[in-house]
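*Asks:* Sharing upload-v3.txt, compact mmCIF, C-alpha atoms:
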```txt
# COMPACT_ATOMS: atom_id res chain seq x y z
CA MET A 1 184.01 -101.46 -50.54
CA ARG A 2 186.46 -104.30 -49.78
CA ILE A 3 185.50 -106.02 -46.54
CA GLY A 4 187.36 -108.69 -44.57
CA ILE A 5 185.32 -110.99 -42.35
CA ILE A 6 187.21 -112.73 -39.55
CA GLY A 7 185.33 -115.95 -38.76
CA THR A 8 183.37 -118.42 -40.90
CA GLY A 9 180.51 -119.31 -38.55
CA THR A 10 176.85 -118.50 -39.12
CA VAL A 11 177.33 -114.81 -38.28
CA GLY A 12 180.37 -114.40 -40.55
CA ARG A 13 178.79 -116.18 -43.51
CA THR A 14 175.46 -114.38 -43.11
CA LEU A 15 177.15 -110.96 -43.04
CA ALA A 16 179.45 -111.93 -45.93
CA GLY A 17 176.53 -113.03 -48.09
CA LYS A 18 174.61 -109.83 -47.44
CA LEU A 19 177.64 -107.66 -48.18
CA VAL A 20 178.28 -109.44 -51.49
CA SER A 21 174.61 -109.04 -52.42
CA LEU A 22 174.97 -105.30 -51.80
CA GLY A 23 177.90 -105.11 -54.25
CA HIS A 24 180.79 -105.21 -51.79
CA GLU A 25 183.83 -107.44 -52.27
CA VAL A 26 184.34 -109.80 -49.38
CA THR A 27 187.10 -112.09 -48.21
CA ILE A 28 186.00 -114.41 -45.43
CA GLY A 29 188.91 -115.61 -43.34
CA SER A 30 189.41 -118.69 -41.23
CA ARG A 31 192.21 -120.07 -39.06
CA THR A 32 193.43 -122.33 -41.86
CA LYS A 33 193.61 -121.59 -45.58
CA ASP A 34 191.63 -124.67 -46.67
CA ASN A 35 188.73 -124.28 -44.21
CA THR A 36 185.69 -125.85 -45.84
CA ALA A 37 183.23 -123.24 -44.60
CA ALA A 38 185.30 -120.46 -46.18
CA THR A 39 186.07 -122.16 -49.47
CA THR A 40 182.49 -123.44 -49.92
CA TRP A 41 181.09 -120.00 -49.17
CA ALA A 42 183.50 -118.35 -51.63
CA GLU A 43 182.60 -120.81 -54.40
CA GLN A 44 178.89 -120.10 -53.97
CA ALA A 45 179.28 -116.34 -53.51
CA GLY A 46 180.35 -115.57 -57.06
CA PRO A 47 183.17 -113.32 -58.29
CA ARG A 48 182.93 -110.83 -55.39
CA GLY A 49 183.38 -113.52 -52.69
CA HIS A 50 186.76 -114.88 -51.64
CA GLY A 51 188.07 -117.25 -48.98
CA GLY A 52 191.38 -117.19 -47.14
CA THR A 53 193.09 -117.03 -43.78
CA PHE A 54 192.41 -114.49 -41.04
CA ALA A 55 195.49 -112.61 -42.36
CA ASP A 56 194.22 -112.75 -45.96
CA ALA A 57 190.85 -111.32 -44.92
CA ALA A 58 192.40 -108.55 -42.80
CA ALA A 59 194.87 -107.55 -45.52
CA PHE A 60 192.06 -107.54 -48.12
CA GLY A 61 189.53 -105.46 -46.22
CA GLU A 62 189.29 -101.70 -46.04
CA LEU A 63 186.80 -102.49 -43.25
CA ILE A 64 187.07 -105.54 -40.99
CA VAL A 65 184.37 -107.51 -39.19
CA ASN A 66 185.18 -109.69 -36.19
CA ALA A 67 182.66 -112.52 -36.35
CA THR A 68 184.58 -115.06 -34.27
CA ALA A 69 183.42 -116.37 -30.89
CA GLY A 70 184.27 -113.70 -28.34
CA THR A 71 186.36 -116.10 -26.27
CA VAL A 72 188.84 -116.58 -29.17
CA SER A 73 188.57 -113.17 -30.86
CA LEU A 74 191.89 -111.79 -29.60
CA LYS A 75 193.79 -114.83 -30.89
CA ALA A 76 192.05 -114.66 -34.26
CA LEU A 77 192.79 -110.95 -34.62
CA GLN A 78 196.41 -111.47 -33.56
CA ALA A 79 196.65 -114.04 -36.36
CA ALA A 80 195.07 -111.49 -38.69
CA GLY A 81 197.87 -109.10 -37.75
CA ALA A 82 197.90 -105.72 -36.02
CA GLY A 83 199.42 -104.08 -39.10
CA ALA A 84 196.51 -105.15 -41.28
CA LEU A 85 194.00 -103.72 -38.77
CA ALA A 86 195.71 -100.36 -38.18
CA GLY A 87 193.65 -97.36 -39.21
CA LYS A 88 190.69 -99.51 -40.27
CA ILE A 89 187.18 -99.72 -38.88
CA LEU A 90 186.80 -103.02 -37.03
CA ILE A 91 183.20 -103.98 -36.37
CA ASP A 92 183.09 -106.35 -33.39
CA VAL A 93 179.99 -108.55 -33.57
CA SER A 94 181.18 -111.07 -30.99
CA ASN A 95 179.74 -112.39 -27.74
CA PRO A 96 182.08 -114.18 -25.30
CA LEU A 97 179.79 -117.10 -24.54
CA VAL A 98 181.05 -119.80 -22.21
CA PHE A 99 179.15 -123.08 -21.91
CA SER A 100 179.38 -124.88 -18.57
CA PRO A 101 179.30 -128.69 -18.26
CA GLU A 102 175.79 -128.24 -16.79
CA GLY A 103 174.65 -126.59 -20.02
CA GLU A 104 174.51 -123.11 -18.55
CA VAL A 105 175.63 -120.16 -20.63
CA GLY A 106 177.92 -117.54 -19.13
CA LEU A 107 180.20 -114.80 -20.44
CA ASP A 108 183.96 -114.26 -20.12
CA PRO A 109 184.82 -111.43 -19.77
CA VAL A 110 181.78 -110.03 -18.01
CA GLY A 111 180.98 -106.98 -15.92
CA THR A 112 184.23 -105.04 -15.68
CA ASP A 113 185.52 -105.72 -19.19
CA SER A 114 184.28 -106.77 -22.61
CA VAL A 115 185.61 -108.25 -25.84
CA GLY A 116 185.07 -104.90 -27.53
CA GLU A 117 187.32 -103.14 -25.02
CA ARG A 118 189.93 -105.91 -25.10
CA ILE A 119 190.18 -105.65 -28.89
CA GLN A 120 190.50 -101.85 -28.71
CA ARG A 121 193.25 -102.12 -26.05
CA GLU A 122 195.13 -104.84 -27.96
CA PHE A 123 194.85 -103.00 -31.29
CA PRO A 124 194.90 -99.29 -30.37
CA GLN A 125 195.24 -98.25 -34.02
CA ALA A 126 192.08 -100.08 -35.05
CA ARG A 127 188.83 -98.11 -34.95
CA VAL A 128 186.69 -100.60 -33.02
CA VAL A 129 182.89 -100.32 -33.16
CA LYS A 130 180.78 -102.80 -31.21
CA ALA A 131 177.63 -103.52 -33.21
CA LEU A 132 175.02 -106.15 -34.13
CA ASN A 133 175.92 -108.60 -31.33
CA THR A 134 172.51 -108.05 -29.71
CA MET A 135 170.44 -110.04 -32.23
CA SER A 136 170.43 -113.17 -34.39
CA ALA A 137 172.41 -113.25 -37.63
CA PRO A 138 169.30 -113.29 -39.89
CA VAL A 139 167.91 -110.19 -38.15
CA MET A 140 171.26 -108.35 -38.49
CA VAL A 141 171.04 -108.38 -42.28
CA GLU A 142 167.25 -108.35 -42.66
CA PRO A 143 165.70 -106.25 -39.89
CA GLY A 144 162.33 -106.55 -41.64
CA ARG A 145 162.10 -110.12 -40.28
CA VAL A 146 160.95 -108.44 -37.07
CA PRO A 147 157.79 -106.32 -37.48
CA GLY A 148 157.62 -102.65 -36.54
CA GLU A 149 160.35 -100.33 -35.38
CA HIS A 150 163.24 -101.83 -33.46
CA ASN A 151 166.81 -100.95 -32.68
CA ALA A 152 170.45 -101.75 -33.23
CA PHE A 153 173.24 -100.23 -31.15
CA VAL A 154 176.80 -99.02 -31.64
CA ALA A 155 179.54 -98.28 -29.11
CA GLY A 156 183.06 -97.08 -29.83
CA ASP A 157 185.63 -94.39 -29.19
CA ASP A 158 185.71 -93.01 -32.76
CA PRO A 159 182.57 -91.03 -33.74
CA ASP A 160 183.45 -91.07 -37.46
CA ALA A 161 183.88 -94.83 -37.40
CA LYS A 162 180.48 -95.20 -35.70
CA ALA A 163 178.89 -92.99 -38.35
CA GLU A 164 180.33 -95.18 -41.11
CA VAL A 165 179.02 -98.31 -39.39
CA VAL A 166 175.58 -96.73 -39.07
CA ALA A 167 175.69 -95.98 -42.83
CA LEU A 168 176.58 -99.62 -43.53
CA LEU A 169 173.68 -100.77 -41.33
CA GLU A 170 171.37 -98.52 -43.35
CA GLN A 171 172.46 -100.54 -46.41
CA PHE A 172 171.38 -103.66 -44.50
CA GLY A 173 167.91 -102.12 -44.09
CA TRP A 174 168.18 -100.44 -40.70
CA PRO A 175 166.23 -97.16 -41.00
CA ALA A 176 167.94 -93.88 -40.22
CA GLY A 177 167.58 -93.23 -36.51
CA SER A 178 167.10 -96.89 -35.59
CA VAL A 179 170.74 -97.37 -34.63
CA LEU A 180 171.30 -95.91 -31.15
CA ASP A 181 174.72 -94.63 -30.08
CA LEU A 182 175.66 -95.98 -26.63
CA GLY A 183 178.84 -93.93 -26.30
CA ASP A 184 182.44 -95.08 -26.00
CA ILE A 185 183.73 -98.64 -26.32
CA LYS A 186 182.95 -99.39 -22.67
CA GLY A 187 179.36 -99.49 -23.86
CA ALA A 188 180.31 -102.90 -25.26
CA ARG A 189 179.96 -104.28 -21.71
CA GLY A 190 176.25 -103.67 -21.61
CA MET A 191 175.77 -104.88 -25.18
CA GLU A 192 177.57 -108.16 -24.49
CA MET A 193 175.77 -108.60 -21.16
CA LEU A 194 172.44 -108.64 -23.02
CA MET A 195 173.09 -112.20 -24.16
CA PRO A 196 171.68 -114.06 -21.10
CA PHE A 197 168.52 -111.93 -21.32
CA TRP A 198 168.33 -112.54 -25.09
CA LEU A 199 168.59 -116.31 -24.55
CA ARG A 200 165.68 -116.23 -22.08
CA LEU A 201 163.64 -114.20 -24.57
CA MET A 202 164.44 -116.77 -27.25
CA GLY A 203 162.95 -119.35 -24.88
CA HIS A 204 159.90 -117.16 -24.35
CA PHE A 205 159.26 -116.49 -28.05
CA GLY A 206 160.45 -119.89 -29.33
CA SER A 207 162.23 -118.06 -32.13
CA THR A 208 165.25 -115.86 -32.84
CA ASP A 209 163.20 -113.41 -34.94
CA PHE A 210 162.78 -110.81 -32.21
CA ASN A 211 164.50 -107.63 -31.16
CA TYR A 212 164.45 -104.73 -28.73
CA SER A 213 162.50 -101.58 -29.53
CA LEU A 214 163.35 -98.73 -27.22
CA ARG A 215 160.44 -96.54 -26.14
CA SER A 216 161.17 -93.18 -24.57
CA ALA A 217 159.16 -90.20 -23.44
CA GLY A 218 161.73 -87.74 -24.83
CA MET B 1 146.45 -107.06 0.74
CA ARG B 2 149.07 -106.48 3.43
CA ILE B 3 152.46 -105.85 1.85
CA GLY B 4 155.88 -105.52 3.50
CA ILE B 5 158.50 -103.48 1.72
CA ILE B 6 162.12 -104.18 2.68
CA GLY B 7 164.11 -101.01 1.99
CA THR B 8 163.28 -97.32 2.22
CA GLY B 9 165.13 -95.94 -0.81
CA THR B 10 163.50 -94.40 -3.87
CA VAL B 11 162.31 -97.76 -5.20
CA GLY B 12 160.84 -98.89 -1.88
CA ARG B 13 159.04 -95.60 -1.21
CA THR B 14 157.74 -95.34 -4.78
CA LEU B 15 156.31 -98.87 -4.68
CA ALA B 16 154.92 -98.32 -1.18
CA GLY B 17 153.14 -95.13 -2.23
CA LYS B 18 151.59 -96.77 -5.27
CA LEU B 19 150.43 -99.78 -3.25
CA VAL B 20 148.77 -97.56 -0.62
CA SER B 21 147.07 -95.55 -3.36
CA LEU B 22 145.67 -98.84 -4.71
CA GLY B 23 144.13 -99.64 -1.33
CA HIS B 24 146.77 -102.03 0.02
CA GLU B 25 148.17 -101.78 3.54
CA VAL B 26 151.91 -101.31 3.55
CA THR B 27 154.66 -101.47 6.15
CA ILE B 28 157.95 -100.13 4.87
CA GLY B 29 160.89 -101.54 6.79
CA SER B 30 164.37 -100.21 7.42
CA ARG B 31 167.45 -101.46 9.26
CA THR B 32 166.59 -99.37 12.34
CA LYS B 33 163.17 -98.67 13.84
CA ASP B 34 163.56 -94.87 13.84
CA ASN B 35 164.77 -94.52 10.23
CA THR B 36 163.65 -91.09 9.05
CA ALA B 37 162.79 -92.20 5.52
CA ALA B 38 160.42 -94.86 6.86
CA THR B 39 158.78 -92.77 9.59
CA THR B 40 158.37 -89.73 7.33
CA TRP B 41 156.89 -91.86 4.57
CA ALA B 42 154.46 -93.53 7.02
CA GLU B 43 153.32 -90.16 8.42
CA GLN B 44 152.54 -88.88 4.92
CA ALA B 45 151.00 -92.11 3.64
CA GLY B 46 147.88 -91.98 5.80
CA PRO B 47 146.24 -94.76 7.78
CA ARG B 48 147.24 -97.59 5.41
CA GLY B 49 150.99 -96.75 5.59
CA HIS B 50 153.25 -97.92 8.40
CA GLY B 51 156.97 -97.79 9.20
CA GLY B 52 159.11 -100.28 11.07
CA THR B 53 162.11 -102.54 10.94
CA PHE B 54 162.87 -105.11 8.25
CA ALA B 55 161.40 -107.71 10.65
CA ASP B 56 158.27 -105.62 11.24
CA ALA B 57 157.69 -105.27 7.50
CA ALA B 58 158.26 -108.98 6.81
CA ALA B 59 155.98 -110.07 9.66
CA PHE B 60 153.28 -107.62 8.50
CA GLY B 61 153.25 -108.53 4.82
CA GLU B 62 151.32 -111.33 3.15
CA LEU B 63 153.53 -110.43 0.20
CA ILE B 64 157.08 -109.06 0.55
CA VAL B 65 159.06 -106.77 -1.74
CA ASN B 66 162.86 -106.65 -1.57
CA ALA B 67 163.73 -103.08 -2.54
CA THR B 68 167.17 -102.93 -0.95
CA ALA B 69 170.42 -102.54 -2.89
CA GLY B 70 171.28 -105.96 -4.29
CA THR B 71 174.67 -106.01 -2.60
CA VAL B 72 173.04 -105.92 0.87
CA SER B 73 169.78 -107.75 0.15
CA LEU B 74 170.73 -111.04 1.81
CA LYS B 75 171.68 -109.26 5.04
CA ALA B 76 168.48 -107.24 5.03
CA LEU B 77 166.35 -110.34 4.45
CA GLN B 78 168.21 -112.27 7.13
CA ALA B 79 167.34 -109.42 9.50
CA ALA B 80 163.74 -109.68 8.29
CA GLY B 81 163.82 -113.34 9.28
CA ALA B 82 163.43 -116.56 7.30
CA GLY B 83 160.33 -117.49 9.28
CA ALA B 84 158.52 -114.33 8.26
CA LEU B 85 159.31 -114.98 4.58
CA ALA B 86 158.36 -118.67 4.47
CA GLY B 87 155.49 -119.46 2.13
CA LYS B 88 155.17 -115.85 0.97
CA ILE B 89 155.72 -114.33 -2.43
CA LEU B 90 158.93 -112.29 -2.33
CA ILE B 91 159.27 -109.86 -5.23
CA ASP B 92 162.96 -109.09 -5.76
CA VAL B 93 163.37 -105.69 -7.41
CA SER B 94 167.06 -105.33 -6.63
CA ASN B 95 170.15 -104.76 -8.76
CA PRO B 96 173.58 -105.53 -7.25
CA LEU B 97 175.31 -102.36 -8.41
CA VAL B 98 178.93 -101.82 -7.40
CA PHE B 99 180.54 -98.42 -7.90
CA SER B 100 184.28 -98.42 -8.49
CA PRO B 101 186.56 -95.58 -7.30
CA GLU B 102 186.83 -94.55 -10.98
CA GLY B 103 183.07 -94.04 -11.09
CA GLU B 104 182.40 -97.14 -13.14
CA VAL B 105 179.34 -99.24 -12.40
CA GLY B 106 179.63 -103.01 -12.15
CA LEU B 107 177.54 -105.83 -10.71
CA ASP B 108 178.27 -108.36 -7.96
CA PRO B 109 177.22 -111.11 -8.44
CA VAL B 110 177.31 -111.19 -12.22
CA GLY B 111 177.23 -113.84 -14.91
CA THR B 112 177.04 -117.14 -13.07
CA ASP B 113 174.78 -116.03 -10.22
CA SER B 114 172.28 -113.32 -9.36
CA VAL B 115 170.69 -111.74 -6.31
CA GLY B 116 167.40 -113.38 -7.22
CA GLU B 117 168.97 -116.84 -7.14
CA ARG B 118 170.90 -116.11 -3.95
CA ILE B 119 167.70 -115.07 -2.19
CA GLN B 120 165.89 -118.19 -3.39
CA ARG B 121 168.75 -120.42 -2.20
CA GLU B 122 169.01 -118.67 1.17
CA PHE B 123 165.24 -118.73 1.74
CA PRO B 124 164.03 -121.89 0.00
CA GLN B 125 160.54 -121.54 1.50
CA ALA B 126 160.05 -118.06 0.02
CA ARG B 127 158.42 -117.87 -3.40
CA VAL B 128 160.91 -115.53 -5.08
CA VAL B 129 159.90 -113.65 -8.23
CA LYS B 130 162.40 -111.34 -9.92
CA ALA B 131 160.53 -108.37 -11.36
CA LEU B 132 160.64 -104.64 -12.12
CA ASN B 133 164.42 -104.27 -11.71
CA THR B 134 164.78 -103.45 -15.41
CA MET B 135 163.37 -99.91 -15.28
CA SER B 136 163.25 -96.72 -13.20
CA ALA B 137 161.02 -96.56 -10.11
CA PRO B 138 158.58 -94.05 -11.65
CA VAL B 139 158.08 -96.28 -14.70
CA MET B 140 157.49 -99.34 -12.47
CA VAL B 141 154.34 -97.84 -10.99
CA GLU B 142 153.26 -95.67 -13.94
CA PRO B 143 154.09 -97.45 -17.20
CA GLY B 144 152.16 -94.77 -19.10
CA ARG B 145 155.15 -92.43 -18.55
CA VAL B 146 156.66 -94.28 -21.54
CA PRO B 147 154.54 -94.05 -24.71
CA GLY B 148 153.33 -97.07 -26.63
CA GLU B 149 153.59 -100.73 -25.75
CA HIS B 150 156.53 -101.84 -23.67
CA ASN B 151 157.40 -104.71 -21.39
CA ALA B 152 158.12 -105.86 -17.88
CA PHE B 153 159.57 -109.27 -17.05
CA VAL B 154 159.23 -111.92 -14.37
CA ALA B 155 161.46 -114.89 -13.50
CA GLY B 156 160.94 -117.42 -10.74
CA ASP B 157 160.54 -121.08 -9.91
CA ASP B 158 156.87 -120.87 -8.79
CA PRO B 159 154.39 -120.35 -11.66
CA ASP B 160 151.53 -119.42 -9.30
CA ALA B 161 153.69 -116.80 -7.59
CA LYS B 162 154.59 -115.33 -10.98
CA ALA B 163 150.91 -115.19 -11.95
CA GLU B 164 150.11 -113.29 -8.74
CA VAL B 165 152.93 -110.83 -9.41
CA VAL B 166 151.66 -110.30 -12.96
CA ALA B 167 148.20 -109.57 -11.50
CA LEU B 168 149.75 -107.02 -9.13
CA LEU B 169 151.59 -105.39 -12.04
CA GLU B 170 148.26 -105.13 -13.87
CA GLN B 171 147.05 -103.06 -10.89
CA PHE B 172 150.07 -100.80 -11.48
CA GLY B 173 148.90 -100.24 -15.05
CA TRP B 174 150.82 -102.91 -16.94
CA PRO B 175 148.44 -104.25 -19.62
CA ALA B 176 147.66 -107.96 -19.77
CA GLY B 177 150.30 -109.61 -21.92
CA SER B 178 152.90 -106.90 -21.38
CA VAL B 179 154.70 -108.84 -18.63
CA LEU B 180 156.87 -111.53 -20.23
CA ASP B 181 157.76 -114.73 -18.36
CA LEU B 182 161.49 -115.47 -18.61
CA GLY B 183 161.31 -118.84 -16.92
CA ASP B 184 162.89 -120.00 -13.68
CA ILE B 185 164.77 -117.89 -11.15
CA LYS B 186 168.02 -118.22 -13.12
CA GLY B 187 166.39 -115.78 -15.51
CA ALA B 188 167.24 -113.19 -12.85
CA ARG B 189 170.81 -113.24 -14.20
CA GLY B 190 169.84 -111.75 -17.51
CA MET B 191 167.46 -109.28 -15.90
CA GLU B 192 170.14 -108.01 -13.51
CA MET B 193 172.74 -107.91 -16.29
CA LEU B 194 170.58 -105.43 -18.20
CA MET B 195 171.67 -102.64 -15.87
CA PRO B 196 174.90 -101.58 -17.68
CA PHE B 197 172.94 -101.44 -20.95
CA TRP B 198 170.14 -99.50 -19.23
CA LEU B 199 172.65 -96.96 -17.87
CA ARG B 200 174.04 -96.38 -21.37
CA LEU B 201 170.52 -95.91 -22.71
CA MET B 202 169.86 -93.39 -19.93
CA GLY B 203 172.89 -91.50 -21.23
CA HIS B 204 171.54 -91.74 -24.77
CA PHE B 205 168.02 -90.54 -23.92
CA GLY B 206 169.04 -88.11 -21.15
CA SER B 207 166.10 -89.44 -19.14
CA THR B 208 164.94 -92.47 -17.15
CA ASP B 209 161.50 -92.47 -18.80
CA PHE B 210 162.27 -95.21 -21.30
CA ASN B 211 161.76 -98.94 -21.51
CA TYR B 212 162.18 -102.02 -23.68
CA SER B 213 159.48 -103.09 -26.08
CA LEU B 214 160.02 -106.56 -27.44
CA ARG B 215 159.14 -107.07 -31.09
CA SER B 216 158.77 -110.57 -32.42
CA ALA B 217 157.72 -112.18 -35.66
CA GLY B 218 155.77 -114.88 -33.84
```
Produce structure tokens that represent the structure in this file.

*Replies:*
Amino acid sequence: MRIGIIGTGTVGRTLAGKLVSLGHEVTIGSRTKDNTAATTWAEQAGPRGHGGTFADAAAFGELIVNATAGTVSLKALQAAGAGALAGKILIDVSNPLVFSPEGEVGLDPVGTDSVGERIQREFPQARVVKALNTMSAPVMVEPGRVPGEHNAFVAGDDPDAKAEVVALLEQFGWPAGSVLDLGDIKGARGMEMLMPFWLRLMGHFGSTDFNYSLRSAG
Amino acid sequence: MRIGIIGTGTVGRTLAGKLVSLGHEVTIGSRTKDNTAATTWAEQAGPRGHGGTFADAAAFGELIVNATAGTVSLKALQAAGAGALAGKILIDVSNPLVFSPEGEVGLDPVGTDSVGERIQREFPQARVVKALNTMSAPVMVEPGRVPGEHNAFVAGDDPDAKAEVVALLEQFGWPAGSVLDLGDIKGARGMEMLMPFWLRLMGHFGSTDFNYSLRSAG
């Protein structure tokens, strides 16, 4: 499949590398055409890896991944172009982290809105699925880094789009049944609001190789 | 131990019942002295269970539990009286849920503050420990309702107070090591912000008998 990754940070490059290793063709897009992170990644990725702008990546992909910081995601996707997103699955991996001068980490939006919802409202023809924002980038593409059974989550308004994202996560190594459906795109609120808890757990474990395993009596 | 429970809702009565069954003496406090929930509970609880006002419960307890709705907790604890809280461990179990006219659930405060922090600021001589707000009341006092290993969390500024709360949770049935320390009282933010995620999981499982199990490589 042809996949466009919006954002060249750790999350974008980690997902891009995994997708290329699985046989997909990937264009990783940045704000500017000559972004070093994108061009360096593309050079190392081999013939299936390409670099370009946000618009290049969105036009290239049959499926799009938003891997930008949540606070700038709308701008990045506007630069990518609504036309290039229309009708496509858009996996939103972002968290809208805000760092205060005191070094505290907050979220914006938080509580009554989420980046996932904002993207779906701004691009109503995109099939937005919130996914993978609840863990570190290495764990996203290699769930076996964390021992035992543990979970990923999806939220979105389009059940078929969620099913396709779950199938892609199975390619990443997420066992069938390990990806829990949290309902419509408003479920993105709870997924994004996990971040402060996740940061405290990172402090507790002294590592980012951890994840949530849901236990239920049912 | 003598324990004062502030709040007569499901959480307060469930905790009070468990504490009495463990041999503790409990006064459950409500806004008014003749609150039916408190008096009925006390009648049924036997000689170790008592009802009264917020102030009665706070004066009675060597350890205090805030089991009011997070949006009214400060008022309830002000009625209980700062003097009666000074020097005591105050377990804050609350979540500041806000229900919109559209039936959506939000939190207030959210993101840059929490009920746990507000209580600690308002009552600097209380030894506030955020705990147990991340699960249903039945699971709080009977963790075996959820199969396998799973976790509770504590956050607070006083390490000795947290250790005493962990010991109390062990009496509830939480195995040693299952209660994870999330650091200072600002960790209450992440714990309270779990609620929207928890509500989506309740929808997924169709039950409140579930909980988080943290898996880590470390």

*Asks:* Excluding B:Gly144 and residues on its chain fewer than 2 positions from it, collect all residues at most 10 Å away from it, counting all atoms listed in the file, and give them as a list in words.

*Replies:* Ala217 of chain A; Pro138, Val139, Met140, Val141, Glu142, Val146, Pro147, Gly148, Glu149, His150, Phe172, Gly173, Trp174 and Asp209 of chain B

*Asks:* Restricted to C-alpha atoms, what would the selected residues look like written as a compact mmCIF listing (two decimals), in the coordinates of the input?

*Replies:*
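What follows is the written file part-v2.txt:
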```txt
# COMPACT_ATOMS: atom_id res chain seq x y z
CA ALA A 217 159.16 -90.20 -23.44
CA PRO B 138 158.58 -94.05 -11.65
CA VAL B 139 158.08 -96.28 -14.70
CA MET B 140 157.49 -99.34 -12.47
CA VAL B 141 154.34 -97.84 -10.99
CA GLU B 142 153.26 -95.67 -13.94
CA VAL B 146 156.66 -94.28 -21.54
CA PRO B 147 154.54 -94.05 -24.71
CA GLY B 148 153.33 -97.07 -26.63
CA GLU B 149 153.59 -100.73 -25.75
CA HIS B 150 156.53 -101.84 -23.67
CA PHE B 172 150.07 -100.80 -11.48
CA GLY B 173 148.90 -100.24 -15.05
CA TRP B 174 150.82 -102.91 -16.94
CA ASP B 209 161.50 -92.47 -18.80
```

*Asks:* Using only C-alpha atoms, determine which residues of chain A fall within 8 Å of chain B; present them as a PyMOL selection string.

*Replies:* chain A and resi 106-107+110-112+145-148+150+180-183+187+189-191+193-198+200-201+203-205+207+209-218

*Asks:* At a cut-off of 8 Å, using only C-alpha atoms, what residues contact A:Ala67? Leave out same-chain residues fewer than 2 positions from it and give the result as a list of chain:residue names.

*Replies:*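 Answer for this query is A:Ile5, A:Ile6, A:Gly7, A:Thr8, A:Gly9, A:Val11, A:Gly12, A:Val65, A:Ala69, A:Asp92, A:Val93, A:Ser94.
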
*Asks:* How about saving the chosen residues, C-alpha atoms kept, as a JSON list (two decimals), in the coordinates of the input?

*Replies:*
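For reference, selection-v3.json as written:
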```json
[["chain", "number", "residue", "atom", "x", "y", "z"],
["A", 5, "ILE", "CA", 185.32, -110.99, -42.35],
["A", 6, "ILE", "CA", 187.21, -112.73, -39.55],
["A", 7, "GLY", "CA", 185.33, -115.95, -38.76],
["A", 8, "THR", "CA", 183.37, -118.42, -40.90],
["A", 9, "GLY", "CA", 180.51, -119.31, -38.55],
["A", 11, "VAL", "CA", 177.33, -114.81, -38.28],
["A", 12, "GLY", "CA", 180.37, -114.40, -40.55],
["A", 65, "VAL", "CA", 184.37, -107.51, -39.19],
["A", 69, "ALA", "CA", 183.42, -116.37, -30.89],
["A", 92, "ASP", "CA", 183.09, -106.35, -33.39],
["A", 93, "VAL", "CA", 179.99, -108.55, -33.57],
["A", 94, "SER", "CA", 181.18, -111.07, -30.99]]
```

*Asks:* Which residue is closest to B:Arg127? Choose from B:Leu85, B:Pro143, B:Ala79, B:Gly17 and count only C-alpha atoms.

*Replies:*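 For B:Arg127, the nearest of the given residues is B:Leu85.
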
*Asks:* Record the distance separating atom CA of A:Gly70 and atom CA of B:Thr71, expressed in Å with one decimal.

*Replies:*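 Interatomic distance, atom CA of A:Gly70 to atom CA of B:Thr71: 28.5 Å.
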
*Asks:* Which residues of stretch 57-146 of chain B sit at most 9 Å from stretch 25-49 of chain B, using all atoms listed in the file? Give each one's shortest atom pair and distance in Å (one decimal place), in chain and ascending residue order, as JSON lines.

*Replies:*
```
{"residue": "B:Ala57", "atom": "CA", "partner": "B:Gly29", "partner_atom": "CA", "distance": 5.0}
{"residue": "B:Ala58", "atom": "CA", "partner": "B:Gly29", "partner_atom": "CA", "distance": 7.9}
{"residue": "B:Phe60", "atom": "CA", "partner": "B:Thr27", "partner_atom": "CA", "distance": 6.7}
{"residue": "B:Gly61", "atom": "CA", "partner": "B:Thr27", "partner_atom": "CA", "distance": 7.3}
{"residue": "B:Ala76", "atom": "CA", "partner": "B:Arg31", "partner_atom": "CA", "distance": 7.2}
{"residue": "B:Ala79", "atom": "CA", "partner": "B:Arg31", "partner_atom": "CA", "distance": 8.0}
{"residue": "B:Ala80", "atom": "CA", "partner": "B:Gly29", "partner_atom": "CA", "distance": 8.8}
```

*Asks:* Could you tell me how far atom CA of B:Glu62 lies from atom CA of B:Leu22, in Å and to one decimal?

*Replies:* 15.8 Å

*Asks:* In Å to one decimal, how far is atom CA of A:Ile89 from atom CA of A:Glu122?

*Replies:* 14.4 Å
